[in-house]
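Structure file coords-v8.cif (mmCIF, C-alpha atoms) is printed below.
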```
data_protein
#
loop_
_atom_site.group_PDB
_atom_site.id
_atom_site.type_symbol
_atom_site.label_atom_id
_atom_site.label_comp_id
_atom_site.auth_asym_id
_atom_site.auth_seq_id
_atom_site.Cartn_x
_atom_site.Cartn_y
_atom_site.Cartn_z
ATOM 1 C CA MET A 1 -238.005 -186.239 105.219
ATOM 2 C CA ASN A 2 -239.605 -186.488 101.801
ATOM 3 C CA ALA A 3 -241.162 -189.584 100.262
ATOM 4 C CA ARG A 4 -242.744 -190.966 97.142
ATOM 5 C CA LEU A 5 -245.979 -192.896 97.578
ATOM 6 C CA LEU A 6 -246.874 -195.959 95.527
ATOM 7 C CA ILE A 7 -250.498 -197.031 95.963
ATOM 8 C CA ILE A 8 -251.313 -200.379 94.399
ATOM 9 C CA ASP A 9 -254.917 -201.003 93.310
ATOM 10 C CA PRO A 10 -256.828 -198.970 95.956
ATOM 11 C CA GLN A 11 -260.113 -199.816 94.251
ATOM 12 C CA ASN A 12 -263.674 -200.312 95.422
ATOM 13 C CA ASP A 13 -263.893 -203.919 94.218
ATOM 14 C CA PHE A 14 -261.077 -204.897 96.604
ATOM 15 C CA CYS A 15 -262.547 -203.151 99.645
ATOM 16 C CA ASP A 16 -264.796 -204.902 102.146
ATOM 17 C CA VAL A 17 -267.762 -202.644 101.444
ATOM 18 C CA PRO A 18 -271.229 -203.414 100.015
ATOM 19 C CA GLY A 19 -271.133 -204.088 96.295
ATOM 20 C CA ALA A 20 -267.456 -205.066 96.070
ATOM 21 C CA ALA A 21 -266.764 -207.966 93.692
ATOM 22 C CA LEU A 22 -263.596 -209.255 95.359
ATOM 23 C CA PRO A 23 -263.548 -207.834 98.893
ATOM 24 C CA VAL A 24 -260.398 -208.149 100.968
ATOM 25 C CA THR A 25 -261.139 -208.258 104.681
ATOM 26 C CA GLY A 26 -259.716 -205.139 106.304
ATOM 27 C CA ALA A 27 -259.180 -203.232 103.049
ATOM 28 C CA ASN A 28 -261.690 -200.462 103.777
ATOM 29 C CA ALA A 29 -259.945 -199.657 107.054
ATOM 30 C CA ASP A 30 -256.572 -199.901 105.269
ATOM 31 C CA MET A 31 -257.649 -197.257 102.773
ATOM 32 C CA GLN A 32 -258.995 -195.005 105.525
ATOM 33 C CA ARG A 33 -255.624 -195.180 107.312
ATOM 34 C CA LEU A 34 -253.845 -194.500 104.032
ATOM 35 C CA ALA A 35 -256.026 -191.449 103.410
ATOM 36 C CA GLN A 36 -255.165 -190.156 106.891
ATOM 37 C CA LEU A 37 -251.466 -190.576 106.188
ATOM 38 C CA MET A 38 -251.861 -188.757 102.852
ATOM 39 C CA GLU A 39 -253.605 -185.869 104.599
ATOM 40 C CA LYS A 40 -251.047 -185.557 107.396
ATOM 41 C CA ALA A 41 -247.993 -186.036 105.166
ATOM 42 C CA SER A 42 -249.199 -184.120 102.134
ATOM 43 C CA ALA A 43 -246.306 -181.642 102.276
ATOM 44 C CA GLU A 44 -243.717 -184.426 102.445
ATOM 45 C CA LEU A 45 -245.077 -186.443 99.506
ATOM 46 C CA THR A 46 -243.159 -185.383 96.399
ATOM 47 C CA HIS A 47 -244.891 -187.759 93.993
ATOM 48 C CA ILE A 48 -247.812 -190.184 94.125
ATOM 49 C CA THR A 49 -248.249 -193.121 91.760
ATOM 50 C CA VAL A 50 -251.468 -195.141 91.712
ATOM 51 C CA THR A 51 -251.822 -198.444 89.883
ATOM 52 C CA LEU A 52 -255.277 -199.580 88.834
ATOM 53 C CA ASP A 53 -256.318 -203.150 88.092
ATOM 54 C CA SER A 54 -258.136 -202.659 84.778
ATOM 55 C CA HIS A 55 -260.071 -205.307 82.889
ATOM 56 C CA ALA A 56 -262.833 -206.181 80.495
ATOM 57 C CA SER A 57 -265.629 -208.371 81.823
ATOM 58 C CA ILE A 58 -263.958 -211.445 80.292
ATOM 59 C CA GLY A 59 -260.387 -212.630 80.615
ATOM 60 C CA ILE A 60 -258.314 -215.744 81.094
ATOM 61 C CA GLU A 61 -258.390 -215.360 84.890
ATOM 62 C CA ARG A 62 -262.166 -214.812 85.111
ATOM 63 C CA THR A 63 -265.180 -216.997 85.704
ATOM 64 C CA THR A 64 -266.663 -215.651 82.459
ATOM 65 C CA PHE A 65 -263.862 -217.236 80.390
ATOM 66 C CA TRP A 66 -264.112 -220.850 81.604
ATOM 67 C CA ALA A 67 -266.642 -223.681 81.697
ATOM 68 C CA GLN A 68 -266.563 -227.121 83.281
ATOM 69 C CA ALA A 69 -266.739 -230.283 81.185
ATOM 70 C CA ASN A 70 -270.516 -230.404 81.691
ATOM 71 C CA GLY A 71 -270.855 -226.812 80.495
ATOM 72 C CA GLU A 72 -271.535 -225.349 83.925
ATOM 73 C CA ALA A 73 -269.761 -222.249 85.178
ATOM 74 C CA VAL A 74 -266.450 -222.567 86.991
ATOM 75 C CA PRO A 75 -266.756 -221.357 90.603
ATOM 76 C CA PRO A 76 -264.593 -218.431 91.695
ATOM 77 C CA PHE A 77 -261.281 -219.320 93.365
ATOM 78 C CA THR A 78 -260.856 -222.468 91.256
ATOM 79 C CA GLN A 79 -257.277 -223.230 90.278
ATOM 80 C CA ILE A 80 -256.812 -224.561 86.738
ATOM 81 C CA VAL A 81 -253.618 -226.132 85.402
ATOM 82 C CA GLU A 82 -252.631 -227.124 81.885
ATOM 83 C CA SER A 83 -253.422 -230.807 82.433
ATOM 84 C CA ASP A 84 -256.992 -229.910 83.500
ATOM 85 C CA VAL A 85 -257.609 -228.372 80.086
ATOM 86 C CA ARG A 86 -255.828 -231.101 78.150
ATOM 87 C CA GLU A 87 -257.902 -233.759 79.923
ATOM 88 C CA GLY A 88 -261.181 -231.889 79.428
ATOM 89 C CA ARG A 89 -262.051 -230.971 83.007
ATOM 90 C CA PHE A 90 -262.255 -227.301 82.007
ATOM 91 C CA HIS A 91 -262.359 -225.500 78.688
ATOM 92 C CA PRO A 92 -262.629 -221.917 77.427
ATOM 93 C CA ARG A 93 -266.211 -220.946 76.628
ATOM 94 C CA ASP A 94 -264.809 -219.823 73.275
ATOM 95 C CA THR A 95 -263.326 -223.165 72.229
ATOM 96 C CA THR A 96 -261.172 -221.481 69.557
ATOM 97 C CA LEU A 97 -259.061 -220.111 72.440
ATOM 98 C CA LYS A 98 -258.129 -223.549 73.808
ATOM 99 C CA GLY A 99 -254.731 -223.597 72.093
ATOM 100 C CA ALA A 100 -253.853 -220.108 73.303
ATOM 101 C CA ALA A 101 -254.990 -220.953 76.835
ATOM 102 C CA LEU A 102 -252.882 -224.121 76.886
ATOM 103 C CA ALA A 103 -249.824 -222.249 75.646
ATOM 104 C CA TYR A 104 -250.373 -219.581 78.279
ATOM 105 C CA MET A 105 -250.690 -222.036 81.159
ATOM 106 C CA ARG A 106 -247.612 -223.939 80.006
ATOM 107 C CA LYS A 107 -245.506 -220.777 80.177
ATOM 108 C CA LEU A 108 -247.112 -219.743 83.465
ATOM 109 C CA GLU A 109 -246.380 -223.075 85.103
ATOM 110 C CA GLN A 110 -242.833 -223.166 83.768
ATOM 111 C CA GLY A 111 -242.246 -219.773 85.389
ATOM 112 C CA GLY A 112 -243.106 -221.243 88.773
ATOM 113 C CA ARG A 113 -244.635 -218.191 90.482
ATOM 114 C CA TYR A 114 -248.320 -219.012 90.133
ATOM 115 C CA ARG A 115 -250.936 -221.370 88.781
ATOM 116 C CA LEU A 116 -253.953 -219.925 87.007
ATOM 117 C CA MET A 117 -256.591 -218.829 89.515
ATOM 118 C CA VAL A 118 -260.150 -218.099 88.419
ATOM 119 C CA TRP A 119 -261.377 -214.907 90.080
ATOM 120 C CA PRO A 120 -264.795 -213.249 90.194
ATOM 121 C CA VAL A 121 -265.250 -210.543 87.578
ATOM 122 C CA HIS A 122 -263.789 -207.404 89.148
ATOM 123 C CA CYS A 123 -262.317 -203.976 88.354
ATOM 124 C CA VAL A 124 -264.025 -203.673 84.974
ATOM 125 C CA LEU A 125 -263.078 -200.377 83.353
ATOM 126 C CA GLY A 126 -265.810 -197.768 83.676
ATOM 127 C CA THR A 127 -267.568 -199.380 86.640
ATOM 128 C CA TRP A 128 -267.884 -198.336 90.277
ATOM 129 C CA GLY A 129 -265.676 -201.278 91.232
ATOM 130 C CA HIS A 130 -262.796 -199.896 89.154
ATOM 131 C CA ASN A 131 -262.939 -196.540 90.944
ATOM 132 C CA ILE A 132 -260.486 -195.511 93.632
ATOM 133 C CA HIS A 133 -261.729 -195.747 97.229
ATOM 134 C CA ASP A 134 -263.503 -192.465 98.024
ATOM 135 C CA ASP A 135 -261.283 -191.387 100.935
ATOM 136 C CA VAL A 136 -258.097 -192.030 98.959
ATOM 137 C CA ALA A 137 -259.542 -190.312 95.884
ATOM 138 C CA ARG A 138 -260.331 -187.198 97.926
ATOM 139 C CA GLN A 139 -256.793 -187.035 99.280
ATOM 140 C CA LEU A 140 -255.353 -187.564 95.803
ATOM 141 C CA ALA A 141 -257.366 -184.600 94.552
ATOM 142 C CA HIS A 142 -256.273 -182.511 97.555
ATOM 143 C CA TRP A 143 -252.592 -183.333 96.946
ATOM 144 C CA GLU A 144 -252.878 -182.588 93.215
ATOM 145 C CA GLN A 145 -254.476 -179.212 93.898
ATOM 146 C CA GLN A 146 -251.829 -178.347 96.477
ATOM 147 C CA ARG A 147 -249.004 -179.326 94.130
ATOM 148 C CA GLN A 148 -250.701 -178.205 90.929
ATOM 149 C CA ARG A 149 -249.674 -181.372 89.139
ATOM 150 C CA PRO A 150 -251.342 -184.754 88.702
ATOM 151 C CA ALA A 151 -250.495 -187.983 90.435
ATOM 152 C CA SER A 152 -249.444 -190.732 88.030
ATOM 153 C CA ARG A 153 -252.120 -193.320 87.301
ATOM 154 C CA ILE A 154 -251.014 -196.624 85.778
ATOM 155 C CA LEU A 155 -253.507 -199.113 84.296
ATOM 156 C CA LYS A 156 -252.598 -202.801 84.434
ATOM 157 C CA GLY A 157 -254.342 -205.969 83.295
ATOM 158 C CA LEU A 158 -255.776 -204.645 80.039
ATOM 159 C CA ASN A 159 -254.848 -207.719 77.988
ATOM 160 C CA SER A 160 -257.459 -210.437 78.490
ATOM 161 C CA MET A 161 -255.076 -213.297 77.625
ATOM 162 C CA THR A 162 -252.578 -212.878 80.433
ATOM 163 C CA GLU A 163 -252.777 -212.274 84.172
ATOM 164 C CA GLN A 164 -251.142 -209.202 85.652
ATOM 165 C CA TYR A 165 -250.828 -209.111 89.407
ATOM 166 C CA SER A 166 -247.674 -207.006 89.256
ATOM 167 C CA ALA A 167 -247.889 -203.497 87.899
ATOM 168 C CA ILE A 168 -244.327 -203.947 86.650
ATOM 169 C CA ARG A 169 -245.123 -206.694 84.127
ATOM 170 C CA ALA A 170 -247.614 -209.441 83.336
ATOM 171 C CA GLU A 171 -247.157 -212.981 84.596
ATOM 172 C CA VAL A 172 -246.572 -214.079 81.006
ATOM 173 C CA PRO A 173 -245.563 -211.096 78.850
ATOM 174 C CA LEU A 174 -247.014 -211.361 75.359
ATOM 175 C CA GLU A 175 -244.622 -210.586 72.527
ATOM 176 C CA GLU A 176 -247.234 -208.681 70.539
ATOM 177 C CA ASP A 177 -248.388 -206.458 73.439
ATOM 178 C CA GLU A 178 -245.860 -204.003 74.846
ATOM 179 C CA SER A 179 -248.162 -203.174 77.766
ATOM 180 C CA THR A 180 -247.531 -206.647 79.215
ATOM 181 C CA HIS A 181 -243.749 -206.169 79.235
ATOM 182 C CA THR A 182 -241.635 -204.510 81.931
ATOM 183 C CA ASN A 183 -242.978 -201.039 82.700
ATOM 184 C CA ARG A 184 -239.722 -199.110 82.989
ATOM 185 C CA ALA A 185 -241.507 -195.792 83.388
ATOM 186 C CA LEU A 186 -243.244 -197.108 86.508
ATOM 187 C CA ILE A 187 -239.944 -198.365 87.905
ATOM 188 C CA GLU A 188 -238.493 -194.868 87.583
ATOM 189 C CA LEU A 189 -241.574 -193.297 89.172
ATOM 190 C CA ALA A 190 -241.206 -195.659 92.128
ATOM 191 C CA ARG A 191 -237.424 -195.444 92.442
ATOM 192 C CA PRO A 192 -236.824 -193.782 95.824
ATOM 193 C CA GLY A 193 -233.535 -192.044 95.058
ATOM 194 C CA SER A 194 -232.666 -190.108 98.216
ATOM 195 C CA GLU A 195 -236.278 -190.175 99.441
ATOM 196 C CA LEU A 196 -238.373 -192.895 101.026
ATOM 197 C CA LEU A 197 -240.773 -194.970 98.943
ATOM 198 C CA LEU A 198 -243.973 -195.694 100.870
ATOM 199 C CA VAL A 199 -246.008 -198.618 99.518
ATOM 200 C CA ALA A 200 -249.678 -199.311 100.257
ATOM 201 C CA GLY A 201 -252.596 -201.000 98.529
ATOM 202 C CA GLU A 202 -254.474 -204.222 97.944
ATOM 203 C CA ALA A 203 -254.051 -207.044 98.194
ATOM 204 C CA ALA A 204 -250.846 -207.637 100.129
ATOM 205 C CA SER A 205 -250.863 -211.306 99.166
ATOM 206 C CA HIS A 206 -251.163 -210.736 95.423
ATOM 207 C CA CYS A 207 -250.808 -207.438 93.572
ATOM 208 C CA VAL A 208 -248.786 -205.642 96.251
ATOM 209 C CA ALA A 209 -246.475 -208.610 96.730
ATOM 210 C CA ALA A 210 -245.979 -209.186 93.010
ATOM 211 C CA THR A 211 -245.269 -205.522 92.279
ATOM 212 C CA VAL A 212 -242.855 -205.068 95.168
ATOM 213 C CA GLN A 213 -241.023 -208.305 94.363
ATOM 214 C CA HIS A 214 -240.446 -207.127 90.795
ATOM 215 C CA LEU A 215 -239.438 -203.662 91.989
ATOM 216 C CA LEU A 216 -236.916 -204.911 94.540
ATOM 217 C CA GLN A 217 -235.215 -206.916 91.798
ATOM 218 C CA VAL A 218 -234.182 -203.729 89.987
ATOM 219 C CA LEU A 219 -233.418 -201.401 92.909
ATOM 220 C CA THR A 220 -229.942 -200.987 94.309
ATOM 221 C CA PRO A 221 -229.241 -202.247 97.858
ATOM 222 C CA ALA A 222 -229.275 -198.642 99.110
ATOM 223 C CA GLU A 223 -232.624 -197.966 97.424
ATOM 224 C CA ARG A 224 -234.166 -201.116 98.885
ATOM 225 C CA GLN A 225 -233.409 -199.797 102.357
ATOM 226 C CA ARG A 226 -235.590 -196.764 101.592
ATOM 227 C CA VAL A 227 -238.619 -198.882 100.670
ATOM 228 C CA VAL A 228 -241.270 -198.838 103.422
ATOM 229 C CA LEU A 229 -244.207 -201.246 103.319
ATOM 230 C CA LEU A 230 -247.151 -199.765 105.212
ATOM 231 C CA ALA A 231 -248.392 -202.933 106.886
ATOM 232 C CA ASP A 232 -251.614 -201.394 108.199
ATOM 233 C CA CYS A 233 -252.490 -200.025 104.743
ATOM 234 C CA MET A 234 -252.681 -203.418 103.030
ATOM 235 C CA SER A 235 -254.344 -206.773 103.778
ATOM 236 C CA ALA A 236 -254.235 -210.316 102.429
ATOM 237 C CA VAL A 237 -256.913 -212.057 100.419
ATOM 238 C CA SER A 238 -258.714 -214.451 102.773
ATOM 239 C CA GLY A 239 -256.726 -217.670 103.099
ATOM 240 C CA PHE A 240 -253.494 -216.120 101.801
ATOM 241 C CA GLN A 241 -251.992 -214.723 105.013
ATOM 242 C CA PRO A 242 -249.061 -217.208 104.905
ATOM 243 C CA GLN A 243 -248.121 -215.859 101.455
ATOM 244 C CA THR A 244 -248.253 -212.315 102.831
ATOM 245 C CA ASP A 245 -246.061 -213.255 105.790
ATOM 246 C CA ALA A 246 -243.540 -214.823 103.391
ATOM 247 C CA PHE A 247 -243.626 -211.675 101.228
ATOM 248 C CA PHE A 248 -242.886 -209.433 104.225
ATOM 249 C CA GLU A 249 -240.086 -211.733 105.346
ATOM 250 C CA ASP A 250 -238.496 -211.786 101.897
ATOM 251 C CA ALA A 251 -238.829 -208.015 101.442
ATOM 252 C CA ALA A 252 -237.235 -207.389 104.843
ATOM 253 C CA ALA A 253 -234.391 -209.760 103.985
ATOM 254 C CA GLN A 254 -233.713 -207.609 100.918
ATOM 255 C CA GLY A 255 -233.557 -204.448 103.017
ATOM 256 C CA ALA A 256 -237.114 -203.086 102.872
ATOM 257 C CA ARG A 257 -238.739 -201.952 106.095
ATOM 258 C CA ILE A 258 -242.199 -202.893 107.327
ATOM 259 C CA MET A 259 -243.977 -200.401 109.573
ATOM 260 C CA ASN A 260 -247.413 -199.042 110.333
ATOM 261 C CA SER A 261 -248.637 -195.696 109.060
ATOM 262 C CA GLU A 262 -248.182 -193.860 112.376
ATOM 263 C CA THR A 263 -244.523 -194.921 112.545
ATOM 264 C CA ALA A 264 -244.067 -193.850 108.943
ATOM 265 C CA LEU A 265 -245.521 -190.432 109.757
ATOM 266 C CA SER A 266 -242.994 -190.090 112.583
ATOM 267 C CA GLU A 267 -240.225 -191.036 110.163
ATOM 268 C CA LEU A 268 -241.366 -188.390 107.684
ATOM 269 C CA ALA A 269 -241.448 -185.752 110.437
ATOM 270 C CA ARG A 270 -237.705 -186.132 111.004
ATOM 271 C CA GLN A 271 -235.557 -183.419 109.444
#
```

Here is the file; what I need is its structure written in the form of structure tokens.
Amino acid sequence: MNARLLIIDPQNDFCDVPGAALPVTGANADMQRLAQLMEKASAELTHITVTLDSHASIGIERTTFWAQANGEAVPPFTQIVESDVREGRFHPRDTTLKGAALAYMRKLEQGGRYRLMVWPVHCVLGTWGHNIHDDVARQLAHWEQQRQRPASRILKGLNSMTEQYSAIRAEVPLEEDESTHTNRALIELARPGSELLLVAGEAASHCVAATVQHLLQVLTPAERQRVVLLADCMSAVSGFQPQTDAFFEDAAAQGARIMNSETALSELARQ
């Protein structure tokens, strides 16, 4: 059986290895298992799409953007809501951006999916942390050379004034920036058709969940049943396992299957 492979943000900064800016416990082992699957199933993989979290060193979801009322830095993993900014508990370091930040958080909170979370600076374009995990990168190169065509690489998160967990679209799409709107080309790359769609990456609680949730919204019921979440090739950010469990439950309710990589390999081996 053939399959497409969607790998979400398999980057060094998300792996629990020395030097990572935002390590996800278990991610290094996840990527090693994914690389093994890619090696063993290379002939069955008809297309590979890789999304890459891609940022500048500043952005609305970063510690470098915000300050506390006393001017001190905002610690990572701080949640900020619109009322915090209005009441002066936090403010953008560039005070001219206060109005834009308030407008952003208002739309974000009205949408109901998330509140603004301040993350450590991570996945800055051009840095080691932005690079694909070595084992996965080697298997990508091997697959490309076998097939004599490139895997698709999709950058997300380039606009510093909106968050983008999902590779499909930003949390608050910005009218003036098409890259923050629905990525229809990615949807078509991930659409399983008559094949399976295998999904792996980091982190299960955030970027994987957000991308898959958006994708399932536009797939047909039959296509959803061909989506396979590789549970041992993704992990949750520490403290967010309940959100990951809820994501798996919701995806399964919509028809997606959750299995480990060895079971998926057995599935692919069937004629």

Next on the checklist: When you look at A:Val118 with a cut-off of 6 Å (counting only C-alpha atoms), what residues show up, excluding the ones that are within fewer than 4 positions of it in the same chain? I need them as a ChimeraX atom specification.
Outcome noted: /A:61-63,76-78

Write out, as a PDB file, keeping the file's coordinate frame, the residues just selected, with C-alpha atoms.
```pdb
ATOM      1  CA  GLU A  61    -258.390-215.360  84.890  1.00  0.00           C
ATOM      2  CA  ARG A  62    -262.166-214.812  85.111  1.00  0.00           C
ATOM      3  CA  THR A  63    -265.180-216.997  85.704  1.00  0.00           C
ATOM      4  CA  PRO A  76    -264.593-218.431  91.695  1.00  0.00           C
ATOM      5  CA  PHE A  77    -261.281-219.320  93.365  1.00  0.00           C
ATOM      6  CA  THR A  78    -260.856-222.468  91.256  1.00  0.00           C
TER       7      THR A  78
END
```

Next on the checklist: Which residues would end up in the selection if the PyMOL selection byres ((chain A and resi 257-262) around 8) were applied here, given that I need the answer as number ranges by chain?
Outcome noted: A: 33-34, 37, 225-233, 248, 251-252, 255-256, 263-266

Checklist entry - Selected by the PyMOL selection byres ((chain A and resi 172-174) around 10) in the shown coordinates: which residues, as an MDAnalysis selection string? => result chainID A and resid 104:109 111 159 161:164 169:171 175:182

May I have the selected residues written with C-alpha atoms, as an mmCIF file, in the coordinates of the input?
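The new file selection-v6.cif reads:
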```
data_model
loop_
_atom_site.group_PDB
_atom_site.id
_atom_site.type_symbol
_atom_site.label_atom_id
_atom_site.label_comp_id
_atom_site.auth_asym_id
_atom_site.auth_seq_id
_atom_site.Cartn_x
_atom_site.Cartn_y
_atom_site.Cartn_z
ATOM 1 C CA TYR A 104 -250.373 -219.581 78.279
ATOM 2 C CA MET A 105 -250.690 -222.036 81.159
ATOM 3 C CA ARG A 106 -247.612 -223.939 80.006
ATOM 4 C CA LYS A 107 -245.506 -220.777 80.177
ATOM 5 C CA LEU A 108 -247.112 -219.743 83.465
ATOM 6 C CA GLU A 109 -246.380 -223.075 85.103
ATOM 7 C CA GLY A 111 -242.246 -219.773 85.389
ATOM 8 C CA ASN A 159 -254.848 -207.719 77.988
ATOM 9 C CA MET A 161 -255.076 -213.297 77.625
ATOM 10 C CA THR A 162 -252.578 -212.878 80.433
ATOM 11 C CA GLU A 163 -252.777 -212.274 84.172
ATOM 12 C CA GLN A 164 -251.142 -209.202 85.652
ATOM 13 C CA ARG A 169 -245.123 -206.694 84.127
ATOM 14 C CA ALA A 170 -247.614 -209.441 83.336
ATOM 15 C CA GLU A 171 -247.157 -212.981 84.596
ATOM 16 C CA GLU A 175 -244.622 -210.586 72.527
ATOM 17 C CA GLU A 176 -247.234 -208.681 70.539
ATOM 18 C CA ASP A 177 -248.388 -206.458 73.439
ATOM 19 C CA GLU A 178 -245.860 -204.003 74.846
ATOM 20 C CA SER A 179 -248.162 -203.174 77.766
ATOM 21 C CA THR A 180 -247.531 -206.647 79.215
ATOM 22 C CA HIS A 181 -243.749 -206.169 79.235
ATOM 23 C CA THR A 182 -241.635 -204.510 81.931
#
```

Checklist entry - Using the chain letters and numbers from the file, which residues does the PyMOL selection byres ((chain A and resi 203) around 10) grab, as a ChimeraX atom specification? => result /A:8-10,14-15,23-25,27,165,200-202,204-210,233-238,240,244

Checklist entry - How far is it from atom CA of A:Glu44 to atom CA of A:Gln145, in Å with one decimal? => result 14.7 Å

Item to check | Nearest to A:His130, chosen from A:Ser83, A:Ser166, A:Asn2, A:Thr51, with all atoms listed in the file counted in the distances | outcome: A:Thr51
